[in-house]
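Below you'll find the structure, written out as structure tokens, and then a few comments.
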Amino acid sequence: MGKIRVHEFMTLDGIVDEPLWSFDFEFNSRMEEVLGGVTGSSQGILLGRTTYEMFEQGWSERTVEDDPGSPFFNDTTKYVVSSTLTTPTWRNSTIVGGYDSGVIRKLKEDAGDLFVSGSGTLVRQMLVDGLVDELHLWVYPLTRGSGPRLFPEDVALRLSLDVAESFDNGVVYLKYQAGE
């Protein structure tokens, strides 16, 4: 069975909205290397509709010359959880319908390791349903005060820290294993 690896940019106070605020911090070569390790071990990408549409706009026209991550995002099969999107608009994309924990479990079995980025609504529900295997959190040294948070209220999770690394720009990378 595959694993679901969630990647999130978040603020110190846990906000995971559209991370335009992350642009104030240089995404350096070490950060690229760490993120490449997460994406490189994934056979598919699992996204909610909003993140899918944002990623399509940002990645679909990029080449490897523009960004070394572009082949992963463009060539890897993307599974989109959406009850409103009916037709894929980005190559190698499949719409799996609205959220259904059984469908996500089946994807883990059939598609192998899945990479999830952003997709806060989807991730919160998968956390509730115990479907997330790893959390790869990039904690930025700022607070936003309000906005969507990663962890759902009234849900207790037990996580095991696997990796902690700080970068020169003040960002901290934390890798957690879920359910341990």
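By convention here, the chains of the structure tokens are called A, B, ... in the order presented, each chain's residues are numbered starting at 1, and ligands are numbered starting at 1 in the order presented.
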Give me the residues near segment 41-53 of chain A as JSON, numbers by chain, where near means some atom within 9 Å (using only C-alpha atoms) and where sequence neighbours in that chain fewer than 4 positions away do not count.
{"A": [2, 3, 4, 5, 18, 36, 37, 57, 58, 73, 76, 77, 78, 79, 80, 81, 82, 83, 84, 85, 89, 90, 99, 111, 112, 113, 114, 115, 116, 117, 118, 119, 120, 121, 122, 123]}
Would you save the residues from that selection as a compact mmCIF listing (two decimals), in the first residue's frame, using N, CA and C atoms?
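The new file selection06.txt reads:
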# COMPACT_ATOMS: atom_id res chain seq x y z
N GLY A 2 0.46 2.23 -0.75
CA GLY A 2 1.21 3.48 -0.83
C GLY A 2 1.00 4.34 0.41
N LYS A 3 1.76 5.41 0.45
CA LYS A 3 1.66 6.38 1.53
C LYS A 3 1.15 7.70 0.97
N ILE A 4 0.47 8.45 1.82
CA ILE A 4 0.09 9.81 1.47
C ILE A 4 1.03 10.73 2.22
N ARG A 5 1.78 11.52 1.44
CA ARG A 5 2.75 12.48 1.99
C ARG A 5 2.23 13.88 1.74
N GLU A 18 -3.40 30.41 0.76
CA GLU A 18 -2.53 30.56 -0.40
C GLU A 18 -1.25 31.27 0.03
N GLY A 36 12.47 18.10 -3.33
CA GLY A 36 12.67 17.12 -4.39
C GLY A 36 12.69 15.70 -3.85
N GLY A 37 13.20 15.52 -2.63
CA GLY A 37 13.18 14.20 -2.01
C GLY A 37 11.77 13.72 -1.72
N GLN A 57 -2.32 26.58 -13.32
CA GLN A 57 -1.96 27.91 -13.80
C GLN A 57 -0.46 28.16 -13.62
N GLY A 58 0.09 27.72 -12.49
CA GLY A 58 1.49 27.99 -12.19
C GLY A 58 2.49 27.03 -12.82
N PHE A 73 5.44 17.88 -11.68
CA PHE A 73 4.08 18.40 -11.63
C PHE A 73 3.34 18.22 -12.94
N THR A 76 3.49 13.71 -13.89
CA THR A 76 2.96 12.75 -12.92
C THR A 76 1.44 12.76 -12.97
N THR A 77 0.83 11.61 -12.77
CA THR A 77 -0.62 11.53 -12.73
C THR A 77 -1.15 12.32 -11.54
N LYS A 78 -2.15 13.16 -11.82
CA LYS A 78 -2.78 13.97 -10.80
C LYS A 78 -4.19 13.45 -10.57
N TYR A 79 -4.54 13.25 -9.30
CA TYR A 79 -5.87 12.83 -8.90
C TYR A 79 -6.52 14.01 -8.20
N VAL A 80 -7.66 14.45 -8.70
CA VAL A 80 -8.30 15.66 -8.20
C VAL A 80 -9.58 15.30 -7.48
N VAL A 81 -9.65 15.71 -6.21
CA VAL A 81 -10.85 15.51 -5.42
C VAL A 81 -11.71 16.76 -5.57
N SER A 82 -12.85 16.60 -6.24
CA SER A 82 -13.74 17.72 -6.48
C SER A 82 -15.14 17.23 -6.82
N SER A 83 -16.13 17.86 -6.22
CA SER A 83 -17.52 17.53 -6.57
C SER A 83 -18.05 18.50 -7.63
N THR A 84 -17.25 19.52 -7.97
CA THR A 84 -17.71 20.50 -8.96
C THR A 84 -16.95 20.42 -10.28
N LEU A 85 -15.71 20.03 -10.27
CA LEU A 85 -14.93 19.91 -11.49
C LEU A 85 -15.24 18.55 -12.12
N THR A 89 -8.44 19.58 -16.92
CA THR A 89 -7.97 20.64 -17.81
C THR A 89 -6.45 20.68 -17.91
N TRP A 90 -5.79 19.76 -17.23
CA TRP A 90 -4.33 19.71 -17.21
C TRP A 90 -3.95 18.27 -17.52
N TYR A 99 -15.05 14.26 -2.01
CA TYR A 99 -14.27 13.51 -1.02
C TYR A 99 -15.00 12.25 -0.59
N ALA A 111 -2.41 3.34 -6.59
CA ALA A 111 -1.55 4.33 -7.25
C ALA A 111 -0.18 4.45 -6.61
N GLY A 112 0.02 3.86 -5.45
CA GLY A 112 1.31 3.98 -4.78
C GLY A 112 1.38 5.23 -3.93
N ASP A 113 2.58 5.73 -3.71
CA ASP A 113 2.78 6.90 -2.85
C ASP A 113 2.23 8.14 -3.54
N LEU A 114 1.46 8.92 -2.77
CA LEU A 114 0.83 10.12 -3.29
C LEU A 114 1.35 11.36 -2.58
N PHE A 115 1.63 12.39 -3.35
CA PHE A 115 2.09 13.68 -2.85
C PHE A 115 0.90 14.63 -2.82
N VAL A 116 0.70 15.30 -1.70
CA VAL A 116 -0.35 16.30 -1.58
C VAL A 116 0.31 17.60 -1.17
N SER A 117 -0.05 18.67 -1.85
CA SER A 117 0.46 19.98 -1.49
C SER A 117 -0.73 20.92 -1.37
N GLY A 118 -0.68 21.80 -0.36
CA GLY A 118 -1.82 22.70 -0.16
C GLY A 118 -3.05 21.89 0.12
N SER A 119 -4.15 22.18 -0.60
CA SER A 119 -5.38 21.38 -0.52
C SER A 119 -5.86 21.25 0.92
N GLY A 120 -5.92 22.39 1.63
CA GLY A 120 -6.24 22.39 3.06
C GLY A 120 -7.51 21.65 3.43
N THR A 121 -8.59 21.87 2.71
CA THR A 121 -9.85 21.20 3.03
C THR A 121 -9.70 19.69 2.91
N LEU A 122 -9.08 19.24 1.83
CA LEU A 122 -8.84 17.82 1.61
C LEU A 122 -7.94 17.25 2.71
N VAL A 123 -6.86 17.94 3.02
CA VAL A 123 -5.92 17.43 4.03
C VAL A 123 -6.58 17.35 5.40
So how many Å separate atom CA of Met126 of chain A and atom CA of Ile104 of chain A, to one decimal?
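Between atom CA of Met126 of chain A and atom CA of Ile104 of chain A the gap works out to 8.5 Å.
In this comparison, which uses only C-alpha atoms, the residue of A:Leu12, A:Lys108, A:Asp67, A:Leu174 approaching Val132 of chain A most closely is A:Lys108.
The space between atom CA of His7 of chain A and atom CA of Val155 of chain A spans 19.4 Å.
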Strand (DSSP E or B) residues, from DSSP on the backbone, in segment 27-174 of chain A, as a PyMOL selection string:
chain A and resi 44-48+77-81+93-97+114-117+134-140+149+159-166+172-174
Give me every alpha helix (DSSP H) residue in chain A, going by DSSP on the backbone, as number ranges by chain.
A: 29-40, 49-59, 70-75, 101-111, 120-128
